[in-house]
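The file entry.cif comes next; it holds mmCIF, C-alpha atoms and all ligand atoms.
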data_entry
#
loop_
_atom_site.label_atom_id
_atom_site.label_comp_id
_atom_site.auth_asym_id
_atom_site.auth_seq_id
_atom_site.Cartn_x
_atom_site.Cartn_y
_atom_site.Cartn_z
CA MET A 26 13.75 -18.54 8.20
CA LYS A 27 12.57 -17.80 11.71
CA ASP A 28 8.89 -18.21 12.60
CA TRP A 29 8.08 -15.18 14.74
CA THR A 30 5.46 -15.29 17.47
CA THR A 31 3.38 -12.21 18.33
CA GLU A 32 4.99 -12.17 21.80
CA GLU A 33 8.49 -12.01 20.30
CA ILE A 34 7.43 -9.23 17.94
CA LEU A 35 5.82 -7.30 20.80
CA LYS A 36 9.03 -7.60 22.79
CA LEU A 37 10.99 -6.19 19.87
CA TYR A 38 8.49 -3.32 19.45
CA HIS A 39 8.89 -2.34 23.10
CA THR A 40 12.71 -2.51 23.15
CA PRO A 41 14.32 0.81 24.21
CA ILE A 42 14.48 2.80 21.00
CA MET A 43 18.30 3.12 20.79
CA ASP A 44 18.69 -0.66 21.05
CA LEU A 45 15.80 -1.29 18.67
CA VAL A 46 17.15 1.05 15.98
CA TYR A 47 20.66 -0.36 16.37
CA GLN A 48 19.39 -3.91 15.96
CA ALA A 49 17.23 -2.98 12.97
CA ALA A 50 20.05 -1.00 11.32
CA THR A 51 22.37 -3.99 11.76
CA VAL A 52 19.89 -6.33 10.06
CA HIS A 53 19.31 -3.69 7.38
CA ARG A 54 23.01 -3.50 6.51
CA GLU A 55 23.24 -7.26 6.16
CA TYR A 56 20.78 -7.27 3.27
CA HIS A 57 20.67 -3.76 1.82
CA ASN A 58 22.81 -0.76 1.01
CA PRO A 59 21.70 1.75 3.71
CA ASN A 60 22.28 4.68 1.34
CA GLU A 61 19.89 3.44 -1.30
CA VAL A 62 16.19 4.25 -1.10
CA GLN A 63 13.72 3.10 -3.74
CA ILE A 64 11.30 5.73 -5.04
CA SER A 65 7.81 4.72 -6.06
CA THR A 66 5.10 7.02 -7.44
CA LEU A 67 1.38 6.54 -6.96
CA LEU A 68 -1.18 7.23 -9.64
CA SER A 69 -4.90 6.99 -9.01
CA ILE A 70 -6.14 5.68 -12.38
CA LYS A 71 -9.77 5.47 -11.20
CA THR A 72 -10.71 7.67 -8.28
CA GLY A 73 -13.60 7.48 -5.82
CA GLY A 74 -17.03 5.90 -5.93
CA CYS A 75 -15.87 2.69 -4.21
CA PRO A 76 -18.63 0.43 -2.80
CA GLU A 77 -16.56 -0.65 0.26
CA ASP A 78 -16.80 0.86 3.74
CA CYS A 79 -13.11 1.06 4.77
CA ALA A 80 -13.27 3.55 7.64
CA TYR A 81 -10.00 5.25 6.67
CA CYS A 82 -10.68 5.75 2.99
CA PRO A 83 -11.74 9.00 1.33
CA GLN A 84 -12.67 7.04 -1.82
CA ALA A 85 -15.55 5.08 -0.24
CA ALA A 86 -18.70 6.33 -1.97
CA ARG A 87 -20.78 6.11 1.20
CA TYR A 88 -18.84 8.85 3.05
CA HIS A 89 -18.94 12.53 2.20
CA THR A 90 -15.38 13.58 1.40
CA ASP A 91 -14.03 16.38 -0.71
CA ILE A 92 -12.36 14.39 -3.50
CA GLU A 93 -12.70 14.61 -7.24
CA THR A 94 -14.00 11.31 -8.62
CA ASN A 95 -12.64 10.19 -11.99
CA ASP A 96 -13.19 7.42 -14.52
CA LEU A 97 -10.30 5.30 -15.79
CA MET A 98 -7.35 7.28 -17.11
CA THR A 99 -6.37 7.02 -20.76
CA VAL A 100 -3.13 5.40 -21.97
CA GLN A 101 -1.84 8.86 -22.84
CA GLN A 102 -2.53 10.26 -19.35
CA VAL A 103 -0.79 7.31 -17.70
CA GLU A 104 2.20 7.46 -20.04
CA THR A 105 2.68 11.17 -19.29
CA ALA A 106 2.43 10.58 -15.53
CA ALA A 107 4.87 7.66 -15.72
CA MET A 108 7.45 9.68 -17.63
CA ARG A 109 7.14 12.51 -15.13
CA ALA A 110 7.65 10.04 -12.26
CA LYS A 111 10.69 8.54 -13.97
CA ALA A 112 12.18 12.01 -14.38
CA ILE A 113 12.22 12.52 -10.58
CA GLY A 114 14.05 9.22 -10.02
CA SER A 115 11.06 6.98 -9.50
CA SER A 116 11.67 3.37 -10.50
CA ARG A 117 8.12 2.18 -9.86
CA LEU A 118 4.64 3.35 -10.78
CA CYS A 119 1.82 2.06 -8.61
CA MET A 120 -1.57 2.42 -10.27
CA GLY A 121 -4.55 2.40 -7.90
CA ALA A 122 -8.23 1.90 -8.65
CA ALA A 123 -11.07 2.39 -6.18
CA TRP A 124 -12.54 -1.03 -6.84
CA ARG A 125 -13.74 -3.77 -4.48
CA ASN A 126 -12.41 -6.38 -6.92
CA VAL A 127 -11.38 -6.75 -10.53
CA LYS A 128 -14.08 -7.82 -12.98
CA ASP A 129 -13.42 -9.55 -16.30
CA ASP A 130 -14.62 -6.62 -18.37
CA ALA A 131 -13.44 -3.88 -20.74
CA ASP A 132 -12.06 -1.84 -17.83
CA PHE A 133 -9.74 -4.69 -16.89
CA ASP A 134 -8.61 -5.06 -20.51
CA HIS A 135 -7.81 -1.36 -20.47
CA VAL A 136 -5.78 -1.75 -17.26
CA LEU A 137 -3.79 -4.51 -18.99
CA GLU A 138 -2.97 -1.98 -21.73
CA LEU A 139 -1.87 0.52 -19.08
CA VAL A 140 0.42 -2.10 -17.54
CA LYS A 141 2.02 -2.84 -20.93
CA THR A 142 2.53 0.89 -21.54
CA VAL A 143 4.38 1.47 -18.27
CA ASN A 144 6.40 -1.74 -18.63
CA LYS A 145 7.71 -0.43 -21.96
CA LEU A 146 9.12 2.60 -20.13
CA ASP A 147 11.35 0.25 -18.09
CA MET A 148 9.63 1.07 -14.84
CA GLU A 149 8.49 -1.50 -12.29
CA VAL A 150 4.71 -1.60 -12.70
CA CYS A 151 2.56 -2.15 -9.63
CA CYS A 152 -1.23 -2.24 -9.42
CA THR A 153 -3.64 -2.05 -6.51
CA LEU A 154 -7.10 -2.84 -7.84
CA GLY A 155 -8.75 -4.66 -4.94
CA MET A 156 -9.36 -8.40 -4.87
CA VAL A 157 -8.18 -10.52 -7.82
CA THR A 158 -8.66 -14.14 -8.90
CA GLU A 159 -5.75 -16.34 -9.90
CA ASN A 160 -6.54 -15.90 -13.63
CA GLN A 161 -6.73 -12.14 -13.30
CA ALA A 162 -3.39 -12.08 -11.48
CA GLN A 163 -1.92 -14.21 -14.29
CA LYS A 164 -3.25 -11.83 -16.94
CA LEU A 165 -1.65 -8.92 -15.11
CA ALA A 166 1.63 -10.85 -14.92
CA ASP A 167 1.50 -11.60 -18.65
CA ALA A 168 0.94 -7.89 -19.37
CA GLY A 169 4.24 -7.15 -17.60
CA LEU A 170 3.11 -6.37 -14.04
CA TYR A 171 5.96 -6.45 -11.52
CA ALA A 172 4.12 -6.15 -8.19
CA TYR A 173 0.61 -6.24 -6.75
CA ASN A 174 -0.28 -4.17 -3.70
CA HIS A 175 -2.91 -5.55 -1.35
CA ASN A 176 -2.64 -4.44 2.26
CA LEU A 177 -3.69 -6.38 5.33
CA ASP A 178 -3.96 -2.96 6.99
CA THR A 179 -4.15 -4.24 10.60
CA SER A 180 -4.69 -7.39 12.69
CA GLU A 181 -7.48 -9.82 11.84
CA GLU A 182 -9.28 -8.81 15.06
CA TYR A 183 -9.15 -5.05 14.46
CA TYR A 184 -10.03 -5.42 10.76
CA LYS A 185 -13.60 -6.12 11.90
CA GLU A 186 -13.74 -2.64 13.48
CA ILE A 187 -12.64 -0.93 10.29
CA ILE A 188 -14.28 -2.75 7.36
CA SER A 189 -17.55 -4.66 7.25
CA THR A 190 -17.84 -5.28 3.51
CA ARG A 191 -15.11 -7.91 3.18
CA GLY A 192 -13.15 -10.23 5.41
CA TYR A 193 -9.48 -10.69 6.32
CA GLU A 194 -9.52 -14.07 4.58
CA ASP A 195 -10.42 -12.31 1.29
CA ARG A 196 -7.23 -10.26 1.61
CA LEU A 197 -5.14 -13.38 2.25
CA LYS A 198 -6.77 -15.20 -0.66
CA THR A 199 -5.88 -12.38 -3.07
CA ILE A 200 -2.28 -12.35 -1.83
CA ASP A 201 -2.18 -16.09 -2.46
CA ASN A 202 -3.59 -15.62 -5.99
CA VAL A 203 -0.95 -12.98 -6.70
CA ARG A 204 1.78 -15.35 -5.52
CA LYS A 205 0.51 -18.15 -7.73
CA ALA A 206 1.00 -15.85 -10.73
CA ASN A 207 4.64 -15.33 -9.67
CA LEU A 208 4.13 -11.64 -9.07
CA THR A 209 5.97 -9.88 -6.29
CA VAL A 210 3.77 -9.07 -3.30
CA CYS A 211 3.44 -5.63 -1.71
CA SER A 212 1.43 -5.80 1.50
CA GLY A 213 1.49 -3.73 4.64
CA GLY A 214 -0.74 -1.64 6.82
CA ILE A 215 -1.77 1.54 8.53
CA VAL A 216 -0.88 2.78 11.99
CA GLY A 217 -2.98 5.34 13.83
CA MET A 218 -6.49 3.97 13.28
CA GLY A 219 -7.03 3.43 17.02
CA GLU A 220 -5.52 -0.07 16.98
CA SER A 221 -3.40 -1.38 19.83
CA VAL A 222 0.31 -2.14 19.60
CA GLU A 223 -0.70 -5.79 19.80
CA ASP A 224 -2.80 -5.33 16.63
CA ARG A 225 0.21 -3.87 14.84
CA CYS A 226 2.40 -6.77 15.95
CA ASN A 227 -0.26 -9.32 15.02
CA MET A 228 -0.36 -7.87 11.52
CA LEU A 229 3.44 -8.10 11.30
CA LYS A 230 3.26 -11.70 12.48
CA VAL A 231 0.85 -12.59 9.64
CA LEU A 232 2.98 -10.79 7.03
CA ALA A 233 6.22 -12.30 8.34
CA SER A 234 4.67 -15.79 8.26
CA LEU A 235 3.97 -15.63 4.51
CA ARG A 236 6.35 -17.80 2.51
CA PRO A 237 7.98 -16.16 0.72
CA GLN A 238 7.66 -13.00 2.75
CA PRO A 239 6.29 -9.96 0.84
CA GLU A 240 8.90 -8.23 -1.31
CA SER A 241 7.61 -4.89 -0.06
CA VAL A 242 5.77 -3.77 3.04
CA PRO A 243 4.25 -0.28 3.05
CA ILE A 244 3.89 1.31 6.47
CA ASN A 245 1.26 4.04 6.27
CA ALA A 246 0.46 6.56 8.99
CA LEU A 247 -3.26 7.24 8.79
CA VAL A 248 -4.12 10.41 6.87
CA ALA A 249 -7.28 11.36 8.75
CA VAL A 250 -9.61 12.67 6.05
CA GLU A 251 -12.65 14.81 6.90
CA GLY A 252 -15.90 12.95 6.27
CA THR A 253 -14.46 9.47 6.99
CA PRO A 254 -15.26 7.68 10.26
CA LEU A 255 -11.61 8.10 11.29
CA GLU A 256 -11.54 11.87 10.73
CA GLU A 257 -10.87 12.59 14.39
CA GLN A 258 -7.93 10.24 14.90
CA GLN A 259 -4.88 12.01 16.26
CA PRO A 260 -1.64 11.61 14.26
CA VAL A 261 0.73 8.93 15.55
CA SER A 262 4.01 10.10 17.03
CA ILE A 263 7.21 9.72 15.04
CA TRP A 264 8.47 7.25 17.68
CA GLU A 265 5.62 4.88 16.90
CA MET A 266 6.55 5.07 13.23
CA VAL A 267 10.22 4.43 14.03
CA ARG A 268 9.28 1.45 16.22
CA MET A 269 6.96 0.06 13.55
CA VAL A 270 9.57 0.44 10.78
CA ALA A 271 12.37 -1.07 12.90
CA THR A 272 10.23 -4.01 13.98
CA THR A 273 9.14 -4.64 10.39
CA ARG A 274 12.77 -4.56 9.24
CA ILE A 275 13.87 -7.12 11.86
CA VAL A 276 11.07 -9.62 11.17
CA MET A 277 11.26 -9.20 7.37
CA PRO A 278 14.98 -8.60 6.72
CA LYS A 279 14.95 -8.78 2.93
CA THR A 280 11.79 -6.83 2.24
CA SER A 281 11.60 -3.29 0.98
CA VAL A 282 10.05 -1.34 3.88
CA ARG A 283 8.17 1.62 2.41
CA LEU A 284 7.55 4.80 4.39
CA SER A 285 4.16 5.46 2.82
CA ALA A 286 1.22 7.75 3.65
CA GLY A 287 1.72 10.34 6.38
CA ARG A 288 5.16 11.70 5.48
CA ARG A 289 3.73 15.23 5.30
CA ASN A 290 3.57 15.17 9.10
CA MET A 291 7.17 14.02 9.47
CA SER A 292 10.28 16.19 9.66
CA GLN A 293 13.40 15.37 7.66
CA GLU A 294 14.99 14.24 10.93
CA GLY A 295 12.05 11.96 11.68
CA GLN A 296 12.26 10.38 8.25
CA ALA A 297 16.04 10.01 8.58
CA MET A 298 15.43 8.10 11.80
CA CYS A 299 13.05 5.80 9.88
CA PHE A 300 15.70 5.22 7.17
CA LEU A 301 18.22 4.40 9.89
CA ALA A 302 15.66 1.96 11.34
CA GLY A 303 15.44 0.15 8.01
CA ALA A 304 12.96 1.96 5.77
CA ASN A 305 14.34 1.84 2.24
CA SER A 306 11.54 3.05 0.03
CA ILE A 307 9.16 6.01 -0.17
CA PHE A 308 6.21 7.18 -2.22
CA ALA A 309 7.29 10.39 -3.95
CA GLY A 310 5.22 12.75 -6.06
CA ASP A 311 2.98 15.65 -5.03
CA LYS A 312 0.00 13.39 -4.43
CA LEU A 313 -0.56 9.98 -2.86
CA LEU A 314 -3.86 8.71 -4.34
CA THR A 315 -6.14 11.56 -3.32
CA THR A 316 -4.29 13.35 -0.51
CA PRO A 317 -1.15 15.50 -0.64
CA ASN A 318 2.37 14.11 -0.25
CA PRO A 319 5.57 16.12 0.42
CA GLU A 320 6.71 18.38 -2.45
CA VAL A 321 9.06 16.60 -4.86
CA PHE A 322 11.57 19.41 -4.40
CA ASP A 323 11.68 18.76 -0.62
CA ASP A 324 12.20 15.03 -1.15
CA LEU A 325 15.05 15.66 -3.58
CA ASP A 326 16.57 18.01 -1.01
CA MET A 327 16.22 15.33 1.67
CA PHE A 328 18.01 12.81 -0.55
CA GLU A 329 20.82 15.29 -1.08
CA GLN A 330 21.11 16.22 2.62
CA LEU A 331 21.23 12.57 3.68
CA GLY A 332 23.40 11.38 0.75
CA LEU A 333 20.72 8.94 -0.37
CA LYS A 334 20.60 7.49 -3.89
CA PRO A 335 17.43 6.29 -5.65
CA LEU A 336 17.48 2.58 -6.40
CA PRO A 337 17.28 1.77 -10.14
CA ALA A 338 14.40 -0.31 -11.53
CA TYR A 339 14.76 -4.12 -11.43
CA ALA A 340 17.63 -3.98 -8.91
CA LYS A 341 16.02 -6.84 -6.94
CA HIS A 342 14.09 -8.85 -9.56
CA GLN A 343 14.20 -9.18 -13.34
CA LYS A 344 12.03 -7.13 -15.64
CA PRO A 345 8.90 -9.17 -16.40
CA GLU A 346 8.49 -10.27 -19.97
CA VAL A 347 5.27 -9.29 -21.74
CA LYS A 348 3.54 -12.42 -23.07
CA ASP A 349 0.36 -13.23 -24.91
CA SER A 350 -1.98 -14.32 -22.19
CA ALA A 351 -2.91 -17.98 -22.56
CA ILE A 352 -5.50 -17.83 -19.83
CA PHE A 353 -9.09 -18.73 -20.50
CA ASP A 354 -11.73 -17.80 -18.02
CA LYS A 355 -12.47 -21.34 -16.96
CA GLU A 356 -11.91 -20.48 -13.36
CA LYS A 357 -14.98 -20.59 -11.17
CA GLN A 358 -15.74 -17.06 -10.05
CA ILE A 359 -14.57 -16.80 -6.46
CA LYS A 360 -17.27 -15.62 -4.09
CA TRP A 361 -15.61 -12.89 -2.08
CA SER A 362 -17.06 -12.73 1.38
CA ARG A 363 -19.49 -10.11 2.69
CA PRO A 364 -19.13 -10.57 6.44
CA GLY A 365 -22.28 -8.50 6.95
CA HIS A 366 -21.47 -7.34 10.45
CA LYS A 367 -22.28 -3.76 11.39
CA ILE A 368 -19.73 -1.12 12.34
CA ASN A 369 -21.80 1.56 14.08
CA LYS A 370 -19.39 4.37 13.34
CA ASN A 371 -19.23 3.54 9.62
CA VAL A 372 -23.04 3.40 9.46
CA ALA A 373 -23.33 6.76 11.26
CA TYR A 374 -20.90 8.43 8.83
CA ALA A 375 -22.74 6.98 5.83
CA GLU A 376 -26.04 8.35 7.25
CA LYS A 377 -24.42 11.73 7.84
CA ALA A 378 -23.24 11.78 4.21
CA LYS A 379 -26.80 11.03 3.01
CA GLU A 380 -28.11 14.00 5.03
CA ILE A 381 -25.45 16.31 3.56
CA ARG A 382 -26.34 15.19 0.02
CA LYS A 383 -30.05 15.89 0.61
CA LYS A 384 -29.29 19.53 1.47
N1 LIG A 401 -9.17 -0.56 -3.54
C1 LIG A 401 -7.95 -1.21 -3.42
C2 LIG A 401 -7.76 -1.87 -2.07
O1 LIG A 401 -8.46 -1.57 -1.13
O2 LIG A 401 -6.87 -2.71 -1.97
C3 LIG A 401 -6.73 -0.35 -3.73
C4 LIG A 401 -6.66 1.06 -3.26
S1 LIG A 401 -6.63 1.33 -1.52
C5 LIG A 401 -6.80 3.09 -1.45
C6 LIG A 401 -4.94 0.98 -1.06
C7 LIG A 401 -4.50 1.19 0.35
O3 LIG A 401 -4.36 2.58 0.63
C8 LIG A 401 -5.38 0.71 1.47
O4 LIG A 401 -5.28 -0.66 1.67
C9 LIG A 401 -4.83 1.48 2.66
O5 LIG A 401 -3.79 0.75 3.29
C10 LIG A 401 -4.26 2.74 2.03
N2 LIG A 401 -5.01 3.92 2.45
C11 LIG A 401 -6.22 4.32 1.98
N3 LIG A 401 -6.63 5.44 2.61
C12 LIG A 401 -5.67 5.77 3.51
C13 LIG A 401 -5.53 6.82 4.46
N4 LIG A 401 -6.46 7.73 4.63
N5 LIG A 401 -4.40 6.84 5.20
C14 LIG A 401 -3.45 5.89 5.04
N6 LIG A 401 -3.53 4.88 4.17
C15 LIG A 401 -4.63 4.81 3.41
C1 LIG A 402 -0.16 1.91 0.33
O1 LIG A 402 0.13 1.12 1.24
N1 LIG A 402 -0.35 3.20 0.48
C2 LIG A 402 -0.70 3.82 -0.76
C3 LIG A 402 -0.60 2.64 -1.76
N2 LIG A 402 -0.30 1.52 -0.92
C4 LIG A 402 -1.72 2.35 -2.67
C5 LIG A 402 -1.99 4.55 -0.70
C6 LIG A 402 -2.03 5.64 0.34
C7 LIG A 402 -3.34 6.38 0.22
C8 LIG A 402 -3.43 7.53 1.19
C9 LIG A 402 -4.75 8.22 1.09
C10 LIG A 402 -5.03 8.84 -0.24
O2 LIG A 402 -4.18 9.60 -0.78
O3 LIG A 402 -6.13 8.64 -0.77
FE1 LIG A 403 -12.34 1.06 -1.79
FE2 LIG A 403 -9.77 0.38 -1.49
FE3 LIG A 403 -10.75 2.68 -0.45
FE4 LIG A 403 -11.50 0.38 0.63
S1 LIG A 403 -9.40 1.20 0.55
S2 LIG A 403 -12.86 2.10 0.12
S3 LIG A 403 -11.56 -0.93 -1.16
S4 LIG A 403 -10.57 2.18 -2.59
#

For the structure just supplied, provide its representation as structure tokens.
Ligand code: SAM
Ligand code: DTB
Ligand code: SF4
Amino acid sequence: MKDWTTEEILKLYHTPIMDLVYQAATVHREYHNPNEVQISTLLSIKTGGCPEDCAYCPQAARYHTDIETNDLMTVQQVETAAMRAKAIGSSRLCMGAAWRNVKDDADFDHVLELVKTVNKLDMEVCCTLGMVTENQAQKLADAGLYAYNHNLDTSEEYYKEIISTRGYEDRLKTIDNVRKANLTVCSGGIVGMGESVEDRCNMLKVLASLRPQPESVPINALVAVEGTPLEEQQPVSIWEMVRMVATTRIVMPKTSVRLSAGRRNMSQEGQAMCFLAGANSIFAGDKLLTTPNPEVFDDLDMFEQLGLKPLPAYAKHQKPEVKDSAIFDKEKQIKWSRPGHKINKNVAYAEKAKEIRKK
């Protein structure tokens, strides 16, 4: 497999768009059926109140955003949501929790139950719970987890401008822990946070250098949420999304490239261009985690107009077997880093939120 340099990736990104899309579509057809698009549905099983300071995130407790916070969902609530997702053609349920990291407590045991429940419905189960240790990843695998989502979000350099409460190396460590448990890796990023094209390409270089490469790479367009430090970011143009998708496809030929947050701002034609450029997965369902997504009816219409078929579950990897977990918590608790640097904008927005709460 080729080792891409940032310079080579940048060159690809800046290729005239007709040539870039043609090249990406050619690679895409070598490894995938271009008429198949995998549908994944997100479910926020624990919403808001997160201690981190990710500048893009409406779930960070320190900012003042208009979201409904919720404790962990029950097995019944998750089962109902999973069946509804399956009914619209979704082959994967991705359960998200607004946690910094997983703790070995009753909440984690409950999440393991949720994983088993969704696995029984023959759906690919994905979780995104923040940082995990190797043992925790293994417990998730034994409960029947199929994939773990943990995004790099941007380049190592720009990460420092967005998050001060953890480091890039923490993200890489979790991805490594997930790999050691033989789970499939879902890791991607966000465009439109004020990063440079070089930052985007640097992130792709890091993802493409992982061995094996991630099985799925979500490409999110920032959803600028009021109350977060990135509330004033202007939406990225569709051409930046097309370039990002095409470049991702070329450097990670086998991966599932997921057109993720931000589809509400894209036309059907824009999304079709992304599929042509190698995107072969979407998040469908009326909601992402806390923000709106396109209406299910409109997505079904798009599939019909474009002649796309949803990919069935386990088309790429076998269904994981549910096992009794033989893991004992002997592992030394990893100390996740707290870089401790200050991001002035994040601090200002946290102060602003405090003022609003006082009123
Ligand atoms: N707390 C866990 C973590 O940080 O990994 C899991 C949930 S977190 C919400 C998952 C991902 O959602 C983030 O890494 C980020 O890429 C994406 N995300 C969050 N807010 C977003 C926004 N406003 N626009 C686009 N993507 C966003
Ligand atoms: C990913 O890359 N995007 C999804 C999923 N993985 C967890 C999350 C998007 C969240 C968008 C903002 C929100 O709805 O809160
Ligand atoms: Fe918390 Fe994840 Fe949101 Fe960051 S992205 S504030 S870690 S929920």

Considering only C-alpha atoms, can you say which of A:Gln102, A:Ser292, A:Thr209, A:Asn160 comes closest to Asn174 in chain A?
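Of all the options, A:Thr209 lies closest to Asn174 in chain A.
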
Which residue out of A:Leu229, A:Ala162, A:Ile188, A:Ile263 has the minimum interatomic distance to Asn207 in chain A when all atoms listed in the file are used?
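Of all the options, A:Ala162 lies closest to Asn207 in chain A.
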
Using all atoms listed in the file, find each residue in chain A having at least one atom no more than 8 Å away from ligand LIG 401 (chain A); report its shortest atom-to-atom pair and that distance in Å (one decimal), rows by chain then rising number, as JSON lines.
{"residue": "A:Cys75", "atom": "CA", "partner": "A:LIG401", "partner_atom": "N1", "distance": 7.5}
{"residue": "A:Cys79", "atom": "CA", "partner": "A:LIG401", "partner_atom": "O1", "distance": 8.0}
{"residue": "A:Tyr81", "atom": "CA", "partner": "A:LIG401", "partner_atom": "N4", "distance": 4.8}
{"residue": "A:Cys82", "atom": "CA", "partner": "A:LIG401", "partner_atom": "N3", "distance": 4.1}
{"residue": "A:Pro83", "atom": "CA", "partner": "A:LIG401", "partner_atom": "N4", "distance": 6.4}
{"residue": "A:Gln84", "atom": "CA", "partner": "A:LIG401", "partner_atom": "C5", "distance": 7.1}
{"residue": "A:Gly121", "atom": "CA", "partner": "A:LIG401", "partner_atom": "C4", "distance": 5.3}
{"residue": "A:Ala122", "atom": "CA", "partner": "A:LIG401", "partner_atom": "C3", "distance": 5.6}
{"residue": "A:Ala123", "atom": "CA", "partner": "A:LIG401", "partner_atom": "N1", "distance": 4.4}
{"residue": "A:Trp124", "atom": "CA", "partner": "A:LIG401", "partner_atom": "N1", "distance": 4.7}
{"residue": "A:Arg125", "atom": "CA", "partner": "A:LIG401", "partner_atom": "N1", "distance": 5.7}
{"residue": "A:Asn126", "atom": "CA", "partner": "A:LIG401", "partner_atom": "N1", "distance": 7.5}
{"residue": "A:Thr153", "atom": "CA", "partner": "A:LIG401", "partner_atom": "C3", "distance": 4.5}
{"residue": "A:Leu154", "atom": "CA", "partner": "A:LIG401", "partner_atom": "C1", "distance": 4.8}
{"residue": "A:Gly155", "atom": "CA", "partner": "A:LIG401", "partner_atom": "C1", "distance": 3.9}
{"residue": "A:Met156", "atom": "CA", "partner": "A:LIG401", "partner_atom": "O2", "distance": 6.9}
{"residue": "A:Asn174", "atom": "CA", "partner": "A:LIG401", "partner_atom": "O2", "distance": 7.0}
{"residue": "A:His175", "atom": "CA", "partner": "A:LIG401", "partner_atom": "O2", "distance": 4.9}
{"residue": "A:Asn176", "atom": "CA", "partner": "A:LIG401", "partner_atom": "O4", "distance": 4.6}
{"residue": "A:Leu177", "atom": "CA", "partner": "A:LIG401", "partner_atom": "O4", "distance": 7.0}
{"residue": "A:Asp178", "atom": "CA", "partner": "A:LIG401", "partner_atom": "O5", "distance": 5.2}
{"residue": "A:Gly213", "atom": "CA", "partner": "A:LIG401", "partner_atom": "O5", "distance": 7.1}
{"residue": "A:Gly214", "atom": "CA", "partner": "A:LIG401", "partner_atom": "O5", "distance": 5.2}
{"residue": "A:Ile215", "atom": "CA", "partner": "A:LIG401", "partner_atom": "O5", "distance": 5.7}
{"residue": "A:Asn245", "atom": "CA", "partner": "A:LIG401", "partner_atom": "C14", "distance": 5.2}
{"residue": "A:Ala246", "atom": "CA", "partner": "A:LIG401", "partner_atom": "C14", "distance": 5.6}
{"residue": "A:Leu247", "atom": "CA", "partner": "A:LIG401", "partner_atom": "N5", "distance": 3.8}
{"residue": "A:Val248", "atom": "CA", "partner": "A:LIG401", "partner_atom": "N5", "distance": 4.0}
{"residue": "A:Ala249", "atom": "CA", "partner": "A:LIG401", "partner_atom": "N4", "distance": 5.6}
{"residue": "A:Val250", "atom": "CA", "partner": "A:LIG401", "partner_atom": "N4", "distance": 6.0}
{"residue": "A:Ser285", "atom": "CA", "partner": "A:LIG401", "partner_atom": "N6", "distance": 7.8}
{"residue": "A:Ala286", "atom": "CA", "partner": "A:LIG401", "partner_atom": "C14", "distance": 5.2}
{"residue": "A:Gly287", "atom": "CA", "partner": "A:LIG401", "partner_atom": "C14", "distance": 7.0}
{"residue": "A:Leu314", "atom": "CA", "partner": "A:LIG401", "partner_atom": "C5", "distance": 7.0}
{"residue": "A:Thr316", "atom": "CA", "partner": "A:LIG401", "partner_atom": "N4", "distance": 7.9}

Could the residues in this selection be saved with C-alpha atoms as a PDB file, in the frame of the given file?
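Below is the file selection-v1.pdb, written as the result:
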ATOM      1  CA  CYS A  75     -15.870   2.690  -4.210  1.00  0.00           C
ATOM      2  CA  CYS A  79     -13.110   1.060   4.770  1.00  0.00           C
ATOM      3  CA  TYR A  81     -10.000   5.250   6.670  1.00  0.00           C
ATOM      4  CA  CYS A  82     -10.680   5.750   2.990  1.00  0.00           C
ATOM      5  CA  PRO A  83     -11.740   9.000   1.330  1.00  0.00           C
ATOM      6  CA  GLN A  84     -12.670   7.040  -1.820  1.00  0.00           C
ATOM      7  CA  GLY A 121      -4.550   2.400  -7.900  1.00  0.00           C
ATOM      8  CA  ALA A 122      -8.230   1.900  -8.650  1.00  0.00           C
ATOM      9  CA  ALA A 123     -11.070   2.390  -6.180  1.00  0.00           C
ATOM     10  CA  TRP A 124     -12.540  -1.030  -6.840  1.00  0.00           C
ATOM     11  CA  ARG A 125     -13.740  -3.770  -4.480  1.00  0.00           C
ATOM     12  CA  ASN A 126     -12.410  -6.380  -6.920  1.00  0.00           C
ATOM     13  CA  THR A 153      -3.640  -2.050  -6.510  1.00  0.00           C
ATOM     14  CA  LEU A 154      -7.100  -2.840  -7.840  1.00  0.00           C
ATOM     15  CA  GLY A 155      -8.750  -4.660  -4.940  1.00  0.00           C
ATOM     16  CA  MET A 156      -9.360  -8.400  -4.870  1.00  0.00           C
ATOM     17  CA  ASN A 174      -0.280  -4.170  -3.700  1.00  0.00           C
ATOM     18  CA  HIS A 175      -2.910  -5.550  -1.350  1.00  0.00           C
ATOM     19  CA  ASN A 176      -2.640  -4.440   2.260  1.00  0.00           C
ATOM     20  CA  LEU A 177      -3.690  -6.380   5.330  1.00  0.00           C
ATOM     21  CA  ASP A 178      -3.960  -2.960   6.990  1.00  0.00           C
ATOM     22  CA  GLY A 213       1.490  -3.730   4.640  1.00  0.00           C
ATOM     23  CA  GLY A 214      -0.740  -1.640   6.820  1.00  0.00           C
ATOM     24  CA  ILE A 215      -1.770   1.540   8.530  1.00  0.00           C
ATOM     25  CA  ASN A 245       1.260   4.040   6.270  1.00  0.00           C
ATOM     26  CA  ALA A 246       0.460   6.560   8.990  1.00  0.00           C
ATOM     27  CA  LEU A 247      -3.260   7.240   8.790  1.00  0.00           C
ATOM     28  CA  VAL A 248      -4.120  10.410   6.870  1.00  0.00           C
ATOM     29  CA  ALA A 249      -7.280  11.360   8.750  1.00  0.00           C
ATOM     30  CA  VAL A 250      -9.610  12.670   6.050  1.00  0.00           C
ATOM     31  CA  SER A 285       4.160   5.460   2.820  1.00  0.00           C
ATOM     32  CA  ALA A 286       1.220   7.750   3.650  1.00  0.00           C
ATOM     33  CA  GLY A 287       1.720  10.340   6.380  1.00  0.00           C
ATOM     34  CA  LEU A 314      -3.860   8.710  -4.340  1.00  0.00           C
ATOM     35  CA  THR A 316      -4.290  13.350  -0.510  1.00  0.00           C
TER      36      THR A 316
END
